[in-house]
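Source file: final-v9.cif; contents: mmCIF, C-alpha atoms.
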data_work
#
loop_
_atom_site.group_PDB
_atom_site.id
_atom_site.type_symbol
_atom_site.label_atom_id
_atom_site.label_comp_id
_atom_site.auth_asym_id
_atom_site.auth_seq_id
_atom_site.Cartn_x
_atom_site.Cartn_y
_atom_site.Cartn_z
ATOM 1 C CA MET L 1 -46.529 50.133 -63.059
ATOM 2 C CA LYS L 2 -45.624 47.759 -60.207
ATOM 3 C CA ARG L 3 -42.026 46.429 -60.201
ATOM 4 C CA GLN L 4 -41.495 42.727 -59.247
ATOM 5 C CA ALA L 5 -39.031 42.188 -56.408
ATOM 6 C CA GLN L 6 -35.775 40.364 -57.375
ATOM 7 C CA ARG L 7 -35.203 37.067 -55.639
ATOM 8 C CA ASP L 8 -31.754 35.413 -54.980
ATOM 9 C CA GLY L 9 -31.366 31.597 -54.613
ATOM 10 C CA PHE L 10 -31.335 28.249 -56.458
ATOM 11 C CA THR L 11 -34.038 26.334 -58.058
ATOM 12 C CA LEU L 12 -34.780 22.779 -56.956
ATOM 13 C CA ILE L 13 -33.232 21.384 -60.136
ATOM 14 C CA GLU L 14 -29.996 23.324 -59.522
ATOM 15 C CA VAL L 15 -29.781 21.988 -55.966
ATOM 16 C CA MET L 16 -30.349 18.435 -57.152
ATOM 17 C CA VAL L 17 -27.669 18.745 -59.827
ATOM 18 C CA ALA L 18 -25.195 20.185 -57.298
ATOM 19 C CA LEU L 19 -25.906 17.389 -54.847
ATOM 20 C CA ALA L 20 -25.441 14.788 -57.574
ATOM 21 C CA ILE L 21 -22.076 16.291 -58.559
ATOM 22 C CA LEU L 22 -21.024 16.465 -54.900
ATOM 23 C CA GLY L 23 -22.030 12.824 -54.406
ATOM 24 C CA ILE L 24 -19.941 11.749 -57.377
ATOM 25 C CA VAL L 25 -16.902 13.696 -56.094
ATOM 26 C CA VAL L 26 -17.275 12.290 -52.560
ATOM 27 C CA ALA L 27 -17.723 8.750 -53.891
ATOM 28 C CA GLN L 28 -14.589 9.045 -56.009
ATOM 29 C CA ALA L 29 -12.645 10.506 -53.090
ATOM 30 C CA LEU L 30 -13.753 7.658 -50.812
ATOM 31 C CA ALA L 31 -12.859 5.105 -53.489
ATOM 32 C CA ILE L 32 -9.377 6.612 -53.859
ATOM 33 C CA PHE L 33 -8.961 6.757 -50.086
ATOM 34 C CA GLY L 34 -10.105 3.151 -49.728
ATOM 35 C CA ALA L 35 -7.728 1.986 -52.455
ATOM 36 C CA GLN L 36 -4.833 3.843 -50.856
ATOM 37 C CA LYS L 37 -5.721 2.376 -47.474
ATOM 38 C CA ARG L 38 -5.788 -1.158 -48.895
ATOM 39 C CA THR L 39 -2.496 -0.581 -50.703
ATOM 40 C CA TYR L 40 -0.914 0.718 -47.503
ATOM 41 C CA ALA L 41 -2.227 -2.228 -45.486
ATOM 42 C CA ARG L 42 -1.011 -4.687 -48.128
ATOM 43 C CA THR L 43 2.415 -3.054 -48.177
ATOM 44 C CA GLU L 44 2.608 -3.178 -44.393
ATOM 45 C CA ARG L 45 1.681 -6.863 -44.393
ATOM 46 C CA ALA L 46 4.252 -7.574 -47.105
ATOM 47 C CA ILE L 47 6.974 -5.827 -45.109
ATOM 48 C CA GLN L 48 5.973 -7.661 -41.934
ATOM 49 C CA VAL L 49 5.930 -11.046 -43.650
ATOM 50 C CA GLN L 50 9.303 -10.343 -45.262
ATOM 51 C CA GLN L 51 10.813 -9.348 -41.917
ATOM 52 C CA ASP L 52 9.348 -12.387 -40.180
ATOM 53 C CA VAL L 53 10.649 -14.882 -42.715
ATOM 54 C CA ARG L 54 14.105 -13.265 -42.685
ATOM 55 C CA LEU L 55 14.280 -13.427 -38.884
ATOM 56 C CA VAL L 56 13.242 -17.074 -38.906
ATOM 57 C CA ALA L 57 15.838 -17.917 -41.559
ATOM 58 C CA ASP L 58 18.572 -16.098 -39.616
ATOM 59 C CA ALA L 59 17.706 -18.008 -36.420
ATOM 60 C CA ILE L 60 17.834 -21.392 -38.145
ATOM 61 C CA LEU L 61 21.041 -20.504 -39.991
ATOM 62 C CA ALA L 62 22.727 -19.554 -36.707
ATOM 63 C CA ASP L 63 22.010 -23.050 -35.370
ATOM 64 C CA MET L 64 22.940 -24.627 -38.695
ATOM 65 C CA ARG L 65 26.366 -23.010 -38.805
ATOM 66 C CA MET L 66 27.238 -24.642 -35.470
ATOM 67 C CA ALA L 67 25.885 -28.069 -36.416
ATOM 68 C CA GLY L 68 28.461 -30.835 -36.135
ATOM 69 C CA TYR L 69 30.451 -29.287 -33.296
ATOM 70 C CA MET L 70 32.233 -32.065 -31.393
ATOM 71 C CA VAL L 71 30.056 -34.836 -32.794
ATOM 72 C CA PRO L 72 30.649 -37.341 -35.605
ATOM 73 C CA ARG L 73 30.381 -35.572 -38.935
ATOM 74 C CA GLN L 74 27.425 -37.624 -40.133
ATOM 75 C CA ALA L 75 25.547 -36.745 -36.937
ATOM 76 C CA GLY L 76 25.696 -32.969 -37.362
ATOM 77 C CA ILE L 77 22.545 -32.435 -39.387
ATOM 78 C CA THR L 78 19.637 -34.465 -40.684
ATOM 79 C CA SER L 79 15.953 -34.070 -41.441
ATOM 80 C CA VAL L 80 12.732 -35.931 -42.093
ATOM 81 C CA ASP L 81 11.415 -35.299 -45.584
ATOM 82 C CA GLY L 82 7.756 -34.285 -45.656
ATOM 83 C CA GLY L 83 7.399 -35.334 -49.280
ATOM 84 C CA ALA L 84 5.124 -33.669 -51.804
ATOM 85 C CA ALA L 85 2.434 -32.749 -49.269
ATOM 86 C CA GLY L 86 4.230 -31.750 -46.058
ATOM 87 C CA SER L 87 6.980 -29.664 -44.506
ATOM 88 C CA ASP L 88 10.260 -31.159 -43.276
ATOM 89 C CA VAL L 89 11.479 -31.737 -39.728
ATOM 90 C CA LEU L 90 15.020 -30.429 -39.177
ATOM 91 C CA CYS L 91 17.535 -31.580 -36.563
ATOM 92 C CA LEU L 92 20.859 -29.852 -35.868
ATOM 93 C CA SER L 93 23.305 -31.145 -33.294
ATOM 94 C CA ASP L 94 23.183 -28.941 -30.187
ATOM 95 C CA PRO L 95 26.639 -27.488 -29.363
ATOM 96 C CA GLU L 96 25.441 -26.227 -25.986
ATOM 97 C CA LYS L 97 25.161 -29.831 -24.787
ATOM 98 C CA ILE L 98 28.827 -30.572 -25.512
ATOM 99 C CA ALA L 99 31.081 -29.211 -22.777
ATOM 100 C CA ASP L 100 34.306 -27.690 -24.105
ATOM 101 C CA SER L 101 36.098 -28.656 -20.920
ATOM 102 C CA GLU L 102 35.412 -32.337 -21.603
ATOM 103 C CA ALA L 103 35.753 -32.367 -25.395
ATOM 104 C CA ASP L 104 37.949 -29.484 -26.488
ATOM 105 C CA THR L 105 39.359 -30.865 -29.728
ATOM 106 C CA ALA L 106 37.825 -32.400 -32.824
ATOM 107 C CA ALA L 107 39.707 -35.623 -32.073
ATOM 108 C CA MET L 108 37.746 -35.963 -28.795
ATOM 109 C CA ARG L 109 34.303 -36.299 -30.356
ATOM 110 C CA PHE L 110 32.212 -38.250 -27.896
ATOM 111 C CA GLU L 111 32.193 -42.037 -28.042
ATOM 112 C CA LYS L 112 29.118 -42.670 -25.890
ATOM 113 C CA ALA L 113 25.398 -42.901 -26.662
ATOM 114 C CA GLU L 114 25.499 -46.263 -28.391
ATOM 115 C CA LEU L 115 22.342 -48.288 -28.814
ATOM 116 C CA SER L 116 22.064 -51.286 -26.512
ATOM 117 C CA ILE L 117 19.364 -52.742 -28.768
ATOM 118 C CA ALA L 118 19.609 -52.439 -32.549
ATOM 119 C CA MET L 119 16.934 -50.532 -34.483
ATOM 120 C CA LEU L 120 15.618 -52.286 -37.577
ATOM 121 C CA GLY L 121 12.857 -50.703 -39.641
ATOM 122 C CA ALA L 122 10.155 -48.276 -38.570
ATOM 123 C CA THR L 123 10.071 -47.578 -34.835
ATOM 124 C CA ASN L 124 9.467 -44.721 -32.391
ATOM 125 C CA SER L 125 11.904 -45.652 -29.622
ATOM 126 C CA ALA L 126 15.601 -46.263 -29.018
ATOM 127 C CA THR L 127 17.291 -48.051 -26.114
ATOM 128 C CA LEU L 128 20.613 -46.875 -24.653
ATOM 129 C CA ASP L 129 22.735 -47.752 -21.642
ATOM 130 C CA PRO L 130 21.971 -45.722 -18.478
ATOM 131 C CA SER L 131 25.331 -43.902 -18.587
ATOM 132 C CA ASP L 132 24.679 -42.588 -22.083
ATOM 133 C CA LEU L 133 22.475 -39.685 -21.013
ATOM 134 C CA ASP L 134 25.755 -37.869 -20.258
ATOM 135 C CA ILE L 135 27.548 -38.186 -23.580
ATOM 136 C CA ASP L 136 30.490 -35.868 -22.860
ATOM 137 C CA GLY L 137 31.177 -36.956 -19.288
ATOM 138 C CA ASP L 138 30.684 -33.573 -17.626
ATOM 139 C CA GLY L 139 28.193 -34.893 -15.076
ATOM 140 C CA ASN L 140 25.080 -33.416 -16.715
ATOM 141 C CA ASP L 141 22.416 -35.228 -18.713
ATOM 142 C CA ASP L 142 22.541 -34.131 -22.339
ATOM 143 C CA PHE L 143 19.119 -35.336 -23.492
ATOM 144 C CA THR L 144 15.896 -33.585 -22.522
ATOM 145 C CA ASP L 145 12.262 -34.466 -23.053
ATOM 146 C CA GLY L 146 10.781 -32.169 -25.725
ATOM 147 C CA GLU L 147 14.097 -31.478 -27.429
ATOM 148 C CA GLY L 148 15.654 -33.213 -30.410
ATOM 149 C CA LEU L 149 17.896 -36.167 -31.095
ATOM 150 C CA ILE L 150 19.807 -37.453 -34.097
ATOM 151 C CA ILE L 151 20.308 -41.188 -34.501
ATOM 152 C CA VAL L 152 23.090 -42.031 -36.933
ATOM 153 C CA ASP L 153 24.692 -45.255 -38.127
ATOM 154 C CA ASP L 154 27.301 -44.736 -40.836
ATOM 155 C CA ASP L 155 25.251 -43.396 -43.786
ATOM 156 C CA SER L 156 21.787 -43.679 -42.167
ATOM 157 C CA SER L 157 20.427 -40.911 -39.960
ATOM 158 C CA HIS L 158 17.130 -39.973 -38.360
ATOM 159 C CA CYS L 159 15.799 -36.752 -36.862
ATOM 160 C CA GLY L 160 13.354 -36.975 -33.965
ATOM 161 C CA ARG L 161 11.768 -35.000 -31.139
ATOM 162 C CA ILE L 162 11.993 -36.712 -27.744
ATOM 163 C CA THR L 163 8.564 -37.336 -26.216
ATOM 164 C CA GLY L 164 9.696 -39.278 -23.177
ATOM 165 C CA ILE L 165 12.701 -40.877 -21.448
ATOM 166 C CA THR L 166 12.321 -43.872 -19.151
ATOM 167 C CA GLY L 167 15.127 -45.053 -16.857
ATOM 168 C CA GLY L 168 15.905 -48.347 -15.169
ATOM 169 C CA SER L 169 18.357 -50.895 -16.495
ATOM 170 C CA ASN L 170 18.214 -49.096 -19.856
ATOM 171 C CA ASN L 171 17.282 -45.637 -21.075
ATOM 172 C CA VAL L 172 14.455 -45.804 -23.578
ATOM 173 C CA PHE L 173 13.863 -42.685 -25.676
ATOM 174 C CA ALA L 174 10.432 -42.304 -27.225
ATOM 175 C CA PHE L 175 10.383 -39.909 -30.162
ATOM 176 C CA VAL L 176 8.402 -38.622 -33.152
ATOM 177 C CA PRO L 177 8.326 -39.014 -36.080
ATOM 178 C CA ASP L 178 9.061 -42.714 -36.492
ATOM 179 C CA THR L 179 12.168 -43.913 -38.234
ATOM 180 C CA PRO L 180 11.367 -44.892 -41.840
ATOM 181 C CA GLY L 181 10.848 -48.436 -43.005
ATOM 182 C CA GLY L 182 14.178 -50.077 -43.743
ATOM 183 C CA PHE L 183 16.078 -47.927 -41.226
ATOM 184 C CA ASN L 184 19.044 -49.959 -39.970
ATOM 185 C CA ALA L 185 20.978 -48.927 -36.865
ATOM 186 C CA SER L 186 23.320 -51.491 -35.296
ATOM 187 C CA THR L 187 24.683 -51.271 -31.751
ATOM 188 C CA SER L 188 28.399 -50.744 -32.341
ATOM 189 C CA LEU L 189 28.335 -48.025 -35.023
ATOM 190 C CA THR L 190 25.385 -45.995 -33.782
ATOM 191 C CA ARG L 191 25.560 -42.665 -32.002
ATOM 192 C CA VAL L 192 22.626 -40.761 -30.556
ATOM 193 C CA VAL L 193 23.227 -37.015 -30.500
ATOM 194 C CA PRO L 194 21.299 -34.264 -28.655
ATOM 195 C CA ALA L 195 19.849 -31.864 -31.186
ATOM 196 C CA VAL L 196 17.896 -28.692 -31.773
ATOM 197 C CA VAL L 197 14.742 -29.707 -33.615
ATOM 198 C CA TYR L 198 12.572 -27.476 -35.803
ATOM 199 C CA TRP L 199 9.128 -28.492 -37.032
ATOM 200 C CA LEU L 200 5.807 -26.944 -37.987
ATOM 201 C CA ASN L 201 2.762 -27.308 -35.770
ATOM 202 C CA GLY L 202 0.140 -26.039 -38.185
ATOM 203 C CA THR L 203 1.621 -22.665 -39.123
ATOM 204 C CA ASP L 204 3.594 -22.294 -35.864
ATOM 205 C CA LEU L 205 7.337 -22.889 -36.174
ATOM 206 C CA MET L 206 8.534 -24.811 -33.128
ATOM 207 C CA ARG L 207 12.072 -25.035 -31.778
ATOM 208 C CA ASN L 208 12.588 -27.661 -29.072
ATOM 209 C CA GLY L 209 8.932 -27.454 -28.108
ATOM 210 C CA LEU L 210 8.777 -23.650 -27.990
ATOM 211 C CA ARG L 211 6.963 -21.555 -30.579
ATOM 212 C CA VAL L 212 9.437 -19.193 -32.205
ATOM 213 C CA ALA L 213 7.336 -17.854 -35.100
ATOM 214 C CA THR L 214 3.769 -17.833 -36.393
ATOM 215 C CA ASP L 215 2.320 -17.867 -39.907
ATOM 216 C CA ILE L 216 5.103 -20.062 -41.285
ATOM 217 C CA GLU L 217 3.700 -22.334 -43.995
ATOM 218 C CA ASP L 218 6.645 -24.400 -45.085
ATOM 219 C CA LEU L 219 10.132 -25.507 -44.040
ATOM 220 C CA GLN L 220 12.203 -27.403 -46.597
ATOM 221 C CA ILE L 221 15.753 -28.760 -46.400
ATOM 222 C CA GLU L 222 17.926 -29.920 -49.299
ATOM 223 C CA TYR L 223 21.470 -31.237 -49.263
ATOM 224 C CA GLY L 224 24.134 -30.367 -51.798
ATOM 225 C CA LEU L 225 26.199 -33.501 -52.361
ATOM 226 C CA ASP L 226 29.345 -33.381 -54.486
ATOM 227 C CA ASP L 227 28.782 -36.787 -56.044
ATOM 228 C CA ASN L 228 31.278 -36.333 -58.873
ATOM 229 C CA GLY L 229 34.021 -34.823 -56.690
ATOM 230 C CA ASP L 230 34.503 -31.646 -58.728
ATOM 231 C CA GLY L 231 33.993 -29.336 -55.745
ATOM 232 C CA LEU L 232 30.963 -27.710 -57.391
ATOM 233 C CA LEU L 233 27.232 -28.185 -56.934
ATOM 234 C CA ALA L 234 24.793 -28.520 -59.812
ATOM 235 C CA GLU L 235 21.042 -28.383 -59.243
ATOM 236 C CA ALA L 236 20.826 -32.117 -59.911
ATOM 237 C CA GLU L 237 23.184 -32.751 -56.957
ATOM 238 C CA TYR L 238 20.691 -31.477 -54.349
ATOM 239 C CA GLU L 239 18.858 -34.265 -52.516
ATOM 240 C CA ASP L 240 15.841 -34.170 -50.200
ATOM 241 C CA ASP L 241 17.432 -36.324 -47.480
ATOM 242 C CA LEU L 242 20.793 -37.777 -46.512
ATOM 243 C CA ASN L 243 19.909 -41.417 -45.972
ATOM 244 C CA GLY L 244 22.086 -43.673 -48.066
ATOM 245 C CA GLU L 245 24.419 -40.806 -48.999
ATOM 246 C CA ASP L 246 28.084 -40.454 -48.102
ATOM 247 C CA PRO L 247 28.280 -37.617 -45.498
ATOM 248 C CA LEU L 248 31.755 -36.773 -46.814
ATOM 249 C CA ASP L 249 30.113 -35.573 -50.042
ATOM 250 C CA LEU L 250 28.019 -32.927 -48.235
ATOM 251 C CA LEU L 251 29.078 -29.443 -49.329
ATOM 252 C CA ALA L 252 26.062 -27.268 -48.530
ATOM 253 C CA VAL L 253 22.560 -27.201 -47.089
ATOM 254 C CA ARG L 254 19.751 -25.290 -48.790
ATOM 255 C CA LEU L 255 17.024 -23.900 -46.548
ATOM 256 C CA SER L 256 13.650 -22.735 -47.881
ATOM 257 C CA ILE L 257 11.054 -21.034 -45.673
ATOM 258 C CA ILE L 258 7.648 -19.721 -46.715
ATOM 259 C CA ALA L 259 5.709 -17.280 -44.545
ATOM 260 C CA ARG L 260 2.270 -15.806 -45.148
ATOM 261 C CA ALA L 261 0.310 -12.806 -43.904
ATOM 262 C CA ASP L 262 -1.938 -13.350 -40.902
ATOM 263 C CA MET L 263 -5.016 -11.997 -42.724
ATOM 264 C CA GLU L 264 -6.572 -12.899 -46.035
ATOM 265 C CA ASP L 265 -6.840 -10.160 -48.660
ATOM 266 C CA ASP L 266 -10.086 -10.412 -50.640
ATOM 267 C CA THR L 267 -8.574 -8.417 -53.495
ATOM 268 C CA LEU L 268 -5.574 -10.744 -53.792
ATOM 269 C CA LYS L 269 -6.208 -14.032 -55.513
ATOM 270 C CA GLY L 270 -2.636 -15.112 -55.780
ATOM 271 C CA PRO L 271 -1.051 -18.400 -56.803
ATOM 272 C CA GLY L 272 -1.183 -19.881 -53.300
ATOM 273 C CA ARG L 273 1.769 -21.404 -51.480
ATOM 274 C CA PRO L 274 4.650 -21.762 -53.974
ATOM 275 C CA ALA L 275 6.405 -25.059 -54.547
ATOM 276 C CA ALA L 276 9.630 -25.564 -52.586
ATOM 277 C CA ALA L 277 12.104 -28.434 -52.864
ATOM 278 C CA ASN L 278 9.955 -31.531 -53.507
ATOM 279 C CA ARG L 279 6.762 -30.111 -51.975
ATOM 280 C CA LEU L 280 4.030 -29.225 -54.436
ATOM 281 C CA ALA L 281 2.416 -25.783 -54.611
ATOM 282 C CA GLY L 282 -0.782 -25.038 -52.702
ATOM 283 C CA ALA L 283 -4.180 -24.023 -54.049
ATOM 284 C CA ASN L 284 -4.968 -20.445 -55.071
ATOM 285 C CA ASP L 285 -6.125 -18.252 -52.213
ATOM 286 C CA GLY L 286 -6.016 -14.676 -50.943
ATOM 287 C CA PHE L 287 -2.963 -14.777 -48.684
ATOM 288 C CA LEU L 288 0.162 -12.737 -49.348
ATOM 289 C CA ARG L 289 3.355 -14.783 -49.022
ATOM 290 C CA ARG L 290 7.109 -14.370 -49.003
ATOM 291 C CA ARG L 291 9.725 -17.047 -49.547
ATOM 292 C CA VAL L 292 13.376 -17.082 -48.493
ATOM 293 C CA THR L 293 15.821 -19.614 -49.901
ATOM 294 C CA THR L 294 19.426 -19.578 -48.765
ATOM 295 C CA VAL L 295 22.421 -21.888 -48.941
ATOM 296 C CA VAL L 296 24.855 -22.389 -46.074
ATOM 297 C CA MET L 297 28.029 -24.419 -45.686
ATOM 298 C CA PRO L 298 28.120 -25.634 -42.041
ATOM 299 C CA ARG L 299 31.636 -24.967 -40.822
ATOM 300 C CA ASN L 300 31.840 -28.070 -38.614
ATOM 301 C CA LEU L 301 30.804 -30.576 -41.267
ATOM 302 C CA LYS L 302 33.952 -30.263 -43.372
#
Any chance you could put this one into structure tokens?
Amino acid sequence: MKRQAQRDGFTLIEVMVALAILGIVVAQALAIFGAQKRTYARTERAIQVQQDVRLVADAILADMRMAGYMVPRQAGITSVDGGAAGSDVLCLSDPEKIADSEADTAAMRFEKAELSIAMLGATNSATLDPSDLDIDGDGNDDFTDGEGLIIVDDDSSHCGRITGITGGSNNVFAFVPDTPGGFNASTSLTRVVPAVVYWLNGTDLMRNGLRVATDIEDLQIEYGLDDNGDGLLAEAEYEDDLNGEDPLDLLAVRLSIIARADMEDDTLKGPGRPAAANRLAGANDGFLRRRVTTVVMPRNLK
């Protein structure tokens, strides 16, 4: 009787089953790897956004703490409110423009930079005497095209970015944004102060015409005013601008900054840009965001 030879190997069905199982395992492994990769990337973006917004806040706070140095108290800080749909423009008096050698005590706050023509209502220019470019008398001009200025008259103030200076018999400063309707600045009480100006150009944060940060979505300023004189601040005592307010009531400034990741995340359908101060929230989208809100008491505004 003839014996059949034994054969080793797999049948076609066994191979197909093994390949199917292997495919399932590989697919699951790739899915897990992809999820971990997305989680890692999202975490990295979150950390980067958090670091960016903290650095921006620290830079602005450093300027804010020096606001008011050697200038009239009401001229130390002001802003333009962007309302419900826009970011604010922030102006802080620039201490680097005030020479200590010429004004070394608080009692020697400069007395120059008066308007030679009053400002009434909405306008984008201010006229000063030729000598008023050098407000502290140290021989150097203190106003520069592209930088900021604060125009203040008692309890009215305006924050602007200088877009041009023309000489001649008078100095005419062109600036943006315009003063608001109803703005009233006389000639005798007004002071024009050189300032550091922050504003958003799209999502680029600008400081005196230079980009200092990207992917910044919102900049909001609020003022804590001790209206009842109790030395404390309730939420209802924060205002969106200082116009018409007594600068002596100012106790603190609240700064809110919102930054977002530079790339959209298809898996993240978050709430959009959060509301801040009086600005409304943005529409839902796929961008990761971080918000920093901090309160500072400018040392020179007391």
Notebook entry, point to check: Expanded to explicit residues, what is the PyMOL selection byres ((chain L and resi 177) around 6) for this file, as a ChimeraX atom specification?
Noted result: /L:160,176,178
Only C-alpha atoms, please: the residues just picked out, written as a short mmCIF file (atom, residue, chain, number, x, y, z; two decimals), in the frame of the given file.
data_model
loop_
_atom_site.label_atom_id
_atom_site.label_comp_id
_atom_site.auth_asym_id
_atom_site.auth_seq_id
_atom_site.Cartn_x
_atom_site.Cartn_y
_atom_site.Cartn_z
CA GLY L 160 13.35 -36.98 -33.97
CA VAL L 176 8.40 -38.62 -33.15
CA ASP L 178 9.06 -42.71 -36.49
#
Notebook entry, point to check: At what distance in Å, to one decimal, does CA of Glu44 in chain L lie from CA of Ala27 in chain L?
Noted result: 25.4 Å
Item checked: Interatomic distance (Å, one decimal) between CA of Ser256 in chain L and CA of Arg211 in chain L ->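 That distance, rounded to one decimal, is 18.6 Å.
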Margin query: I'd like the residues picked by the PyMOL selection byres ((chain L and resi 298) around 8) written out as a list in words, using the chain letters and numbers from the file.
Written below: Met64, Arg65, Met66, Ala67, Gly68, Ala252, Val253, Val296, Met297, Arg299, Asn300, Leu301 and Lys302 of chain L
Margin query: Since I can't run it myself right now, could you work out what the PyMOL selection byres ((chain L and resi 221) around 6) selects here and report it as number ranges by chain?
Written below: L: 220, 222, 254-255
Next item on the list: Quote the spacing between CA of Asp240 in chain L and CA of Ser156 in chain L in Å to one decimal place.
Entry: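 Separation of CA of Asp240 in chain L and CA of Ser156 in chain L: 13.8 Å.
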Next item on the list: Quick one: everything within 12 Å of Ser131 in chain L, counting all atoms listed in the file, minus sequence neighbours fewer than 5 positions away in the same chain. Send it as a VMD selection string.
Entry: chain L and resid 111 to 116 136 to 143 167 to 171
Quick one: write out the picked residues with C-alpha atoms as a compact mmCIF listing (two decimals), in the frame of the given file?
# COMPACT_ATOMS: atom_id res chain seq x y z
CA GLU L 111 32.19 -42.04 -28.04
CA LYS L 112 29.12 -42.67 -25.89
CA ALA L 113 25.40 -42.90 -26.66
CA GLU L 114 25.50 -46.26 -28.39
CA LEU L 115 22.34 -48.29 -28.81
CA SER L 116 22.06 -51.29 -26.51
CA ASP L 136 30.49 -35.87 -22.86
CA GLY L 137 31.18 -36.96 -19.29
CA ASP L 138 30.68 -33.57 -17.63
CA GLY L 139 28.19 -34.89 -15.08
CA ASN L 140 25.08 -33.42 -16.72
CA ASP L 141 22.42 -35.23 -18.71
CA ASP L 142 22.54 -34.13 -22.34
CA PHE L 143 19.12 -35.34 -23.49
CA GLY L 167 15.13 -45.05 -16.86
CA GLY L 168 15.90 -48.35 -15.17
CA SER L 169 18.36 -50.90 -16.50
CA ASN L 170 18.21 -49.10 -19.86
CA ASN L 171 17.28 -45.64 -21.08
Checklist line | Selected residue of minimal separation from Asn124 in chain L among L:Pro180, L:Pro274, L:Pro247, L:Gly9, counting only C-alpha atoms | finding: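 The answer is L:Pro180, which sits nearest to Asn124 in chain L.
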Item checked: Given all atoms listed in the file as the counted atoms, nearest of L:Asp52, L:Asp262, L:Glu245, L:Asp63 to Asp155 in chain L ->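 Smallest separation from Asp155 in chain L among the options: L:Glu245.
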